[in-house]
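Here is the structure we will look at, set down as structure tokens.
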Amino acid sequence: MTDERPERPEPNDLPELRASDADRDRVAEALRDALAEGRLDMEEFDERLEAVYAARTYGELAPITRDLPGAGAAAPGTPVSFVKEPQPEGAVDWRARIGGEATSTWALALFGGFGRKGRWTVGERFTAFAMFGGGEIDLREARFASRDVVINCFTIMGGIQIKVPPELDVAVKGFGFMGGVDDRASGEGTPGSPRVVVRGFALMGGVGVDRRVSREERLRLKEERRQGKLDRRAAHREALEGHHERHAERHQLRHERHEERRERQWERAEERRERRER
């Protein structure tokens, strides 16, 4: 008995089929492997990675890895969903923040301080050392050269503070001798988030990692609270106006009833006077 089930079509047979985010991530991972193996230089990697995240169909993705081993593995083996979920407001687009050449791979604070913040690109391996000084590593607006990043922090009578966004996948490991590693950030991030592992060693010093929202997100939340306050004030003002209107209506109704009673009393008095005159 033969199996008459239809074979699944190959991706190359469906060049116009829309690619998903998972498809693009799979191709990007293949490019990172090729970069690590020396098959691509950094310039080629950047060009192809940009093409990956600009691709919309399998036909556009296929040529990017055609000259690399295992090129056919870039396409999915499961049915593709044609429904694109809208990105929630305030969500992080991690695809736009992963990849590229690192702008910094180390930092040193010796009787002083250092800072890495804003829109910088953290390397796959980042090492920070602070002795009789302190440093700040802010990842809230940073890009990541790789999907997996390791940050090594060493302090001797100094301190290093690391700020991460709430959406980032973070793991903190460390050891302190007459000091400590303060972990307030370990946990999973949102889908597509890079994974950041922080390794700390503190000798009479400290390494702290905590989650904080970005300036843009803080401003957005502040604007939401302000707008909510304005809406509540408007609703309260509308309720007061409605109350005043109802109060005025009741007052007018009482006045009209009072006038009606006076008019009836006057009419009855007139009737009695007329009867007496007869």
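Ordering of the structure tokens sets the chain letters (A, B, ...), residue numbers begin anew at 1 in every chain, and ligands are numbered from 1 in the order given.
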Long-range neighbours of A:Gly115 as an mmCIF file with all heavy atoms, in the first residue's frame, 9 Å cut-off, only C-alpha atoms, 4 positions minimum in chain:
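The result, written out as around-v5.cif:
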data_model
loop_
_atom_site.group_PDB
_atom_site.id
_atom_site.type_symbol
_atom_site.label_atom_id
_atom_site.label_comp_id
_atom_site.auth_asym_id
_atom_site.auth_seq_id
_atom_site.Cartn_x
_atom_site.Cartn_y
_atom_site.Cartn_z
ATOM 1 N N ALA A 107 35.583 48.230 29.341
ATOM 2 C CA ALA A 107 35.534 49.518 30.031
ATOM 3 C C ALA A 107 36.378 49.407 31.298
ATOM 4 O O ALA A 107 36.438 48.353 31.939
ATOM 5 C CB ALA A 107 34.105 49.898 30.376
ATOM 6 N N GLY A 134 33.963 53.699 39.819
ATOM 7 C CA GLY A 134 32.669 53.115 39.480
ATOM 8 C C GLY A 134 32.335 53.270 38.016
ATOM 9 O O GLY A 134 32.919 54.089 37.309
ATOM 10 N N GLY A 135 31.391 52.473 37.584
ATOM 11 C CA GLY A 135 30.971 52.534 36.183
ATOM 12 C C GLY A 135 29.499 52.221 36.016
ATOM 13 O O GLY A 135 28.879 51.596 36.880
ATOM 14 N N GLU A 136 28.960 52.672 34.895
ATOM 15 C CA GLU A 136 27.556 52.431 34.574
ATOM 16 C C GLU A 136 27.454 51.840 33.178
ATOM 17 O O GLU A 136 28.023 52.369 32.220
ATOM 18 C CB GLU A 136 26.758 53.736 34.641
ATOM 19 C CG GLU A 136 25.295 53.573 34.267
ATOM 20 C CD GLU A 136 24.546 54.893 34.241
ATOM 21 O OE1 GLU A 136 25.159 55.934 34.581
ATOM 22 O OE2 GLU A 136 23.358 54.889 33.862
ATOM 23 N N ILE A 137 26.722 50.720 33.076
ATOM 24 C CA ILE A 137 26.472 50.072 31.792
ATOM 25 C C ILE A 137 24.959 50.077 31.585
ATOM 26 O O ILE A 137 24.225 49.401 32.303
ATOM 27 C CB ILE A 137 27.008 48.630 31.770
ATOM 28 C CG1 ILE A 137 28.512 48.615 32.055
ATOM 29 C CG2 ILE A 137 26.715 47.964 30.436
ATOM 30 C CD1 ILE A 137 29.091 47.224 32.216
ATOM 31 N N ASP A 138 24.513 50.851 30.608
ATOM 32 C CA ASP A 138 23.087 51.025 30.365
ATOM 33 C C ASP A 138 22.722 50.341 29.050
ATOM 34 O O ASP A 138 23.185 50.750 27.975
ATOM 35 C CB ASP A 138 22.750 52.514 30.306
ATOM 36 C CG ASP A 138 21.253 52.775 30.356
ATOM 37 O OD1 ASP A 138 20.475 51.857 30.023
ATOM 38 O OD2 ASP A 138 20.859 53.900 30.716
#
Which of stretch 78-249 of chain A end up as helix (DSSP H, G or I) when DSSP is run on this backbone - answer as a PDB file with N, CA and C atoms, in the first residue's frame?
ATOM      1  N   TRP A  94      13.208  43.824  18.503  1.00  0.00           N
ATOM      2  CA  TRP A  94      14.562  43.301  18.715  1.00  0.00           C
ATOM      3  C   TRP A  94      15.297  43.039  17.396  1.00  0.00           C
ATOM      4  N   ARG A  95      14.559  42.785  16.326  1.00  0.00           N
ATOM      5  CA  ARG A  95      15.230  42.515  15.043  1.00  0.00           C
ATOM      6  C   ARG A  95      16.096  43.689  14.619  1.00  0.00           C
ATOM      7  N   ALA A  96      15.644  44.893  14.936  1.00  0.00           N
ATOM      8  CA  ALA A  96      16.393  46.087  14.538  1.00  0.00           C
ATOM      9  C   ALA A  96      17.548  46.385  15.484  1.00  0.00           C
ATOM     10  N   ARG A  97      17.651  45.634  16.576  1.00  0.00           N
ATOM     11  CA  ARG A  97      18.684  45.943  17.570  1.00  0.00           C
ATOM     12  C   ARG A  97      19.699  44.820  17.748  1.00  0.00           C
ATOM     13  N   ARG A 215      14.061  55.929  28.709  1.00  0.00           N
ATOM     14  CA  ARG A 215      13.563  57.300  28.803  1.00  0.00           C
ATOM     15  C   ARG A 215      12.308  57.473  27.949  1.00  0.00           C
ATOM     16  N   GLU A 216      12.323  56.899  26.723  1.00  0.00           N
ATOM     17  CA  GLU A 216      11.157  57.016  25.852  1.00  0.00           C
ATOM     18  C   GLU A 216       9.937  56.341  26.479  1.00  0.00           C
ATOM     19  N   GLU A 217      10.155  55.138  27.066  1.00  0.00           N
ATOM     20  CA  GLU A 217       9.042  54.439  27.690  1.00  0.00           C
ATOM     21  C   GLU A 217       8.559  55.183  28.921  1.00  0.00           C
ATOM     22  N   ARG A 218       9.496  55.760  29.680  1.00  0.00           N
ATOM     23  CA  ARG A 218       9.107  56.532  30.857  1.00  0.00           C
ATOM     24  C   ARG A 218       8.274  57.746  30.456  1.00  0.00           C
ATOM     25  N   LEU A 219       8.685  58.408  29.364  1.00  0.00           N
ATOM     26  CA  LEU A 219       7.913  59.553  28.880  1.00  0.00           C
ATOM     27  C   LEU A 219       6.545  59.121  28.367  1.00  0.00           C
ATOM     28  N   ARG A 220       6.510  57.957  27.703  1.00  0.00           N
ATOM     29  CA  ARG A 220       5.229  57.452  27.203  1.00  0.00           C
ATOM     30  C   ARG A 220       4.277  57.141  28.359  1.00  0.00           C
ATOM     31  N   LEU A 221       4.806  56.468  29.402  1.00  0.00           N
ATOM     32  CA  LEU A 221       3.972  56.157  30.560  1.00  0.00           C
ATOM     33  C   LEU A 221       3.530  57.432  31.275  1.00  0.00           C
ATOM     34  N   LYS A 222       4.446  58.406  31.334  1.00  0.00           N
ATOM     35  CA  LYS A 222       4.091  59.685  31.961  1.00  0.00           C
ATOM     36  C   LYS A 222       2.985  60.366  31.184  1.00  0.00           C
ATOM     37  N   GLU A 223       3.075  60.319  29.846  1.00  0.00           N
ATOM     38  CA  GLU A 223       2.042  60.927  29.012  1.00  0.00           C
ATOM     39  C   GLU A 223       0.719  60.190  29.179  1.00  0.00           C
ATOM     40  N   GLU A 224       0.777  58.849  29.306  1.00  0.00           N
ATOM     41  CA  GLU A 224      -0.443  58.087  29.530  1.00  0.00           C
ATOM     42  C   GLU A 224      -1.090  58.483  30.854  1.00  0.00           C
ATOM     43  N   ARG A 225      -0.262  58.619  31.901  1.00  0.00           N
ATOM     44  CA  ARG A 225      -0.816  59.021  33.195  1.00  0.00           C
ATOM     45  C   ARG A 225      -1.403  60.430  33.124  1.00  0.00           C
ATOM     46  N   ARG A 226      -0.692  61.336  32.417  1.00  0.00           N
ATOM     47  CA  ARG A 226      -1.193  62.703  32.287  1.00  0.00           C
ATOM     48  C   ARG A 226      -2.518  62.723  31.529  1.00  0.00           C
ATOM     49  N   GLN A 227      -2.584  61.952  30.436  1.00  0.00           N
ATOM     50  CA  GLN A 227      -3.810  61.911  29.658  1.00  0.00           C
ATOM     51  C   GLN A 227      -4.942  61.290  30.465  1.00  0.00           C
ATOM     52  N   GLY A 228      -4.610  60.245  31.236  1.00  0.00           N
ATOM     53  CA  GLY A 228      -5.618  59.632  32.090  1.00  0.00           C
ATOM     54  C   GLY A 228      -6.150  60.609  33.126  1.00  0.00           C
ATOM     55  N   LYS A 229      -5.236  61.420  33.681  1.00  0.00           N
ATOM     56  CA  LYS A 229      -5.654  62.422  34.660  1.00  0.00           C
ATOM     57  C   LYS A 229      -6.562  63.465  34.007  1.00  0.00           C
ATOM     58  N   LEU A 230      -6.197  63.889  32.785  1.00  0.00           N
ATOM     59  CA  LEU A 230      -7.037  64.851  32.076  1.00  0.00           C
ATOM     60  C   LEU A 230      -8.411  64.268  31.767  1.00  0.00           C
ATOM     61  N   ASP A 231      -8.431  62.986  31.378  1.00  0.00           N
ATOM     62  CA  ASP A 231      -9.711  62.338  31.083  1.00  0.00           C
ATOM     63  C   ASP A 231     -10.576  62.254  32.336  1.00  0.00           C
ATOM     64  N   ARG A 232      -9.944  61.910  33.473  1.00  0.00           N
ATOM     65  CA  ARG A 232     -10.716  61.838  34.714  1.00  0.00           C
ATOM     66  C   ARG A 232     -11.260  63.213  35.109  1.00  0.00           C
ATOM     67  N   ARG A 233     -10.428  64.254  34.932  1.00  0.00           N
ATOM     68  CA  ARG A 233     -10.899  65.604  35.235  1.00  0.00           C
ATOM     69  C   ARG A 233     -12.065  66.000  34.331  1.00  0.00           C
ATOM     70  N   ALA A 234     -11.939  65.657  33.034  1.00  0.00           N
ATOM     71  CA  ALA A 234     -13.020  65.992  32.098  1.00  0.00           C
ATOM     72  C   ALA A 234     -14.299  65.255  32.474  1.00  0.00           C
ATOM     73  N   ALA A 235     -14.150  63.961  32.867  1.00  0.00           N
ATOM     74  CA  ALA A 235     -15.331  63.196  33.264  1.00  0.00           C
ATOM     75  C   ALA A 235     -15.947  63.782  34.529  1.00  0.00           C
ATOM     76  N   HIS A 236     -15.067  64.193  35.475  1.00  0.00           N
ATOM     77  CA  HIS A 236     -15.568  64.794  36.717  1.00  0.00           C
ATOM     78  C   HIS A 236     -16.274  66.122  36.424  1.00  0.00           C
ATOM     79  N   ARG A 237     -15.679  66.920  35.533  1.00  0.00           N
ATOM     80  CA  ARG A 237     -16.273  68.197  35.173  1.00  0.00           C
ATOM     81  C   ARG A 237     -17.623  67.984  34.475  1.00  0.00           C
ATOM     82  N   GLU A 238     -17.678  66.976  33.607  1.00  0.00           N
ATOM     83  CA  GLU A 238     -18.923  66.671  32.923  1.00  0.00           C
ATOM     84  C   GLU A 238     -19.988  66.202  33.916  1.00  0.00           C
ATOM     85  N   ALA A 239     -19.521  65.391  34.910  1.00  0.00           N
ATOM     86  CA  ALA A 239     -20.465  64.931  35.932  1.00  0.00           C
ATOM     87  C   ALA A 239     -20.993  66.103  36.749  1.00  0.00           C
ATOM     88  N   LEU A 240     -20.083  67.051  37.089  1.00  0.00           N
ATOM     89  CA  LEU A 240     -20.518  68.230  37.844  1.00  0.00           C
ATOM     90  C   LEU A 240     -21.503  69.067  37.041  1.00  0.00           C
ATOM     91  N   GLU A 241     -21.172  69.244  35.749  1.00  0.00           N
ATOM     92  CA  GLU A 241     -22.079  70.014  34.903  1.00  0.00           C
ATOM     93  C   GLU A 241     -23.441  69.342  34.823  1.00  0.00           C
ATOM     94  N   GLY A 242     -23.413  67.999  34.700  1.00  0.00           N
ATOM     95  CA  GLY A 242     -24.675  67.278  34.681  1.00  0.00           C
ATOM     96  C   GLY A 242     -25.434  67.431  35.995  1.00  0.00           C
ATOM     97  N   HIS A 243     -24.659  67.417  37.117  1.00  0.00           N
ATOM     98  CA  HIS A 243     -25.289  67.592  38.426  1.00  0.00           C
ATOM     99  C   HIS A 243     -25.912  68.985  38.539  1.00  0.00           C
ATOM    100  N   HIS A 244     -25.167  69.998  38.096  1.00  0.00           N
ATOM    101  CA  HIS A 244     -25.697  71.360  38.144  1.00  0.00           C
ATOM    102  C   HIS A 244     -26.947  71.497  37.271  1.00  0.00           C
ATOM    103  N   GLU A 245     -26.911  70.871  36.088  1.00  0.00           N
ATOM    104  CA  GLU A 245     -28.074  70.939  35.210  1.00  0.00           C
ATOM    105  C   GLU A 245     -29.278  70.273  35.860  1.00  0.00           C
ATOM    106  N   ARG A 246     -29.038  69.079  36.461  1.00  0.00           N
ATOM    107  CA  ARG A 246     -30.159  68.392  37.128  1.00  0.00           C
ATOM    108  C   ARG A 246     -30.675  69.214  38.311  1.00  0.00           C
ATOM    109  N   HIS A 247     -29.730  69.842  39.054  1.00  0.00           N
ATOM    110  CA  HIS A 247     -30.131  70.672  40.179  1.00  0.00           C
ATOM    111  C   HIS A 247     -30.964  71.866  39.694  1.00  0.00           C
ATOM    112  N   ALA A 248     -30.529  72.484  38.591  1.00  0.00           N
ATOM    113  CA  ALA A 248     -31.279  73.612  38.039  1.00  0.00           C
ATOM    114  C   ALA A 248     -32.653  73.176  37.559  1.00  0.00           C
ATOM    115  N   GLU A 249     -32.712  71.982  36.945  1.00  0.00           N
ATOM    116  CA  GLU A 249     -33.996  71.477  36.476  1.00  0.00           C
ATOM    117  C   GLU A 249     -34.946  71.228  37.653  1.00  0.00           C
TER     118      GLU A 249
END
Practice item. Name all residues at most 9 Å from A:Ala55 (count only C-alpha atoms; drop same-chain ones fewer than 5 positions away) and give them as a PyMOL selection string. Key: chain A and resi 19+24+50+60-61
What's around A:Gly99 at 10 Å? Count only C-alpha atoms, leave out sequence neighbours fewer than 6 positions away in its own chain, and write the answer as a JSON list (two decimals) with C-alpha atoms, in the first residue's frame.
[["chain", "number", "residue", "atom", "x", "y", "z"],
["A", 28, "ALA", "CA", 20.31, 35.49, 10.35],
["A", 32, "ARG", "CA", 26.25, 34.49, 12.27],
["A", 45, "PHE", "CA", 27.79, 39.88, 7.06],
["A", 46, "ASP", "CA", 26.36, 43.38, 7.54],
["A", 49, "LEU", "CA", 21.96, 40.73, 7.46],
["A", 50, "GLU", "CA", 20.40, 43.96, 6.22],
["A", 121, "THR", "CA", 26.49, 48.47, 20.39],
["A", 122, "VAL", "CA", 27.64, 46.04, 23.05],
["A", 123, "GLY", "CA", 30.02, 43.31, 21.89],
["A", 124, "GLU", "CA", 29.41, 39.60, 22.17],
["A", 143, "ARG", "CA", 22.15, 47.41, 20.22],
["A", 144, "PHE", "CA", 23.65, 43.92, 20.51],
["A", 145, "ALA", "CA", 26.34, 42.57, 18.21],
["A", 146, "SER", "CA", 25.12, 39.03, 18.88],
["A", 147, "ARG", "CA", 21.98, 37.33, 20.10]]
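Compared by their closest atoms to A:Gly112, and using only C-alpha atoms, the residues A:Arg272, A:Arg56, A:Met178, A:Met131 rank with A:Met131 nearest.
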Find the residues around stretch 184-193 of chain A up to 8 Å (only C-alpha atoms counted), leave out those fewer than 5 positions away in its own chain, and share them as a compact mmCIF listing (two decimals) with all heavy atoms, in the first residue's frame.
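Final output, selection_37.txt:
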# COMPACT_ATOMS: atom_id res chain seq x y z
N TRP A 94 13.21 43.82 18.50
CA TRP A 94 14.56 43.30 18.72
C TRP A 94 15.30 43.04 17.40
O TRP A 94 16.53 43.06 17.37
CB TRP A 94 14.51 42.02 19.54
CG TRP A 94 14.10 42.24 20.97
CD1 TRP A 94 12.99 41.79 21.59
CD2 TRP A 94 14.83 42.98 21.96
NE1 TRP A 94 12.96 42.21 22.90
CE2 TRP A 94 14.09 42.93 23.15
CE3 TRP A 94 16.04 43.69 21.94
CZ2 TRP A 94 14.50 43.56 24.32
CZ3 TRP A 94 16.46 44.31 23.12
CH2 TRP A 94 15.70 44.24 24.28
N ARG A 95 14.56 42.79 16.33
CA ARG A 95 15.23 42.51 15.04
C ARG A 95 16.10 43.69 14.62
O ARG A 95 17.15 43.50 14.02
CB ARG A 95 14.20 42.22 13.97
CG ARG A 95 13.39 40.95 14.18
CD ARG A 95 12.30 40.82 13.16
NE ARG A 95 11.39 41.96 13.22
CZ ARG A 95 10.45 42.22 12.33
NH1 ARG A 95 10.31 41.43 11.28
NH2 ARG A 95 9.66 43.27 12.46
N ARG A 147 23.17 37.69 19.35
CA ARG A 147 21.98 37.33 20.10
C ARG A 147 22.33 36.85 21.50
O ARG A 147 21.49 36.91 22.42
CB ARG A 147 21.20 36.25 19.35
CG ARG A 147 19.87 35.89 19.98
CD ARG A 147 19.07 34.98 19.07
NE ARG A 147 18.66 35.67 17.85
CZ ARG A 147 17.59 36.44 17.78
NH1 ARG A 147 16.84 36.65 18.84
NH2 ARG A 147 17.27 37.03 16.65
N VAL A 164 19.11 47.34 32.71
CA VAL A 164 18.57 46.59 31.56
C VAL A 164 17.08 46.92 31.42
O VAL A 164 16.41 47.22 32.40
CB VAL A 164 18.77 45.07 31.75
CG1 VAL A 164 20.25 44.74 31.90
CG2 VAL A 164 17.99 44.56 32.95
N PRO A 166 13.02 46.15 30.79
CA PRO A 166 12.16 45.07 31.27
C PRO A 166 11.98 43.94 30.26
O PRO A 166 11.66 42.82 30.65
CB PRO A 166 10.83 45.78 31.55
CG PRO A 166 11.18 47.22 31.74
CD PRO A 166 12.35 47.47 30.84
N GLU A 167 12.17 44.23 28.96
CA GLU A 167 11.90 43.22 27.92
C GLU A 167 13.08 42.32 27.63
O GLU A 167 12.97 41.41 26.81
CB GLU A 167 11.48 43.93 26.62
CG GLU A 167 10.29 44.85 26.75
CD GLU A 167 10.66 46.25 27.23
OE1 GLU A 167 11.87 46.49 27.45
OE2 GLU A 167 9.76 47.09 27.38
N LEU A 168 14.23 42.53 28.27
CA LEU A 168 15.45 41.80 27.94
C LEU A 168 15.55 40.50 28.73
O LEU A 168 15.20 40.44 29.91
CB LEU A 168 16.67 42.68 28.23
CG LEU A 168 18.03 42.17 27.75
CD1 LEU A 168 18.05 42.08 26.23
CD2 LEU A 168 19.14 43.09 28.23
N ASP A 169 16.08 39.46 28.06
CA ASP A 169 16.33 38.16 28.69
C ASP A 169 17.67 38.24 29.42
O ASP A 169 18.72 38.41 28.79
CB ASP A 169 16.35 37.06 27.62
CG ASP A 169 16.37 35.67 28.23
OD1 ASP A 169 16.48 35.55 29.46
OD2 ASP A 169 16.27 34.68 27.47
N VAL A 170 17.65 38.11 30.75
CA VAL A 170 18.85 38.35 31.57
C VAL A 170 19.08 37.21 32.54
O VAL A 170 18.13 36.68 33.14
CB VAL A 170 18.71 39.68 32.36
CG1 VAL A 170 19.96 39.92 33.20
CG2 VAL A 170 18.47 40.84 31.41
N ALA A 171 20.36 36.84 32.71
CA ALA A 171 20.77 35.89 33.74
C ALA A 171 21.98 36.49 34.46
O ALA A 171 22.92 36.94 33.80
CB ALA A 171 21.11 34.54 33.14
N VAL A 172 21.96 36.49 35.78
CA VAL A 172 23.04 37.08 36.58
C VAL A 172 23.69 36.01 37.42
O VAL A 172 23.00 35.25 38.12
CB VAL A 172 22.50 38.21 37.48
CG1 VAL A 172 23.63 38.81 38.30
CG2 VAL A 172 21.83 39.29 36.64
N GLY A 208 25.76 45.62 40.61
CA GLY A 208 24.30 45.64 40.69
C GLY A 208 23.66 45.59 39.32
O GLY A 208 24.11 46.27 38.39
N VAL A 209 22.62 44.77 39.19
CA VAL A 209 21.89 44.65 37.93
C VAL A 209 20.41 44.82 38.24
O VAL A 209 19.86 44.07 39.05
CB VAL A 209 22.13 43.29 37.25
CG1 VAL A 209 21.51 43.27 35.86
CG2 VAL A 209 23.61 42.96 37.18
N ASP A 210 19.78 45.79 37.62
CA ASP A 210 18.33 45.97 37.83
C ASP A 210 17.65 46.41 36.55
O ASP A 210 18.28 46.89 35.61
CB ASP A 210 18.06 46.96 38.97
CG ASP A 210 18.58 48.36 38.66
OD1 ASP A 210 19.29 48.52 37.65
OD2 ASP A 210 18.29 49.28 39.42
N ARG A 211 16.34 46.21 36.52
CA ARG A 211 15.53 46.54 35.35
C ARG A 211 14.93 47.93 35.50
O ARG A 211 14.36 48.25 36.55
CB ARG A 211 14.41 45.52 35.17
CG ARG A 211 14.90 44.12 34.82
CD ARG A 211 13.73 43.18 34.57
NE ARG A 211 14.18 41.83 34.29
CZ ARG A 211 14.43 41.37 33.06
NH1 ARG A 211 14.27 42.17 32.01
NH2 ARG A 211 14.85 40.13 32.88
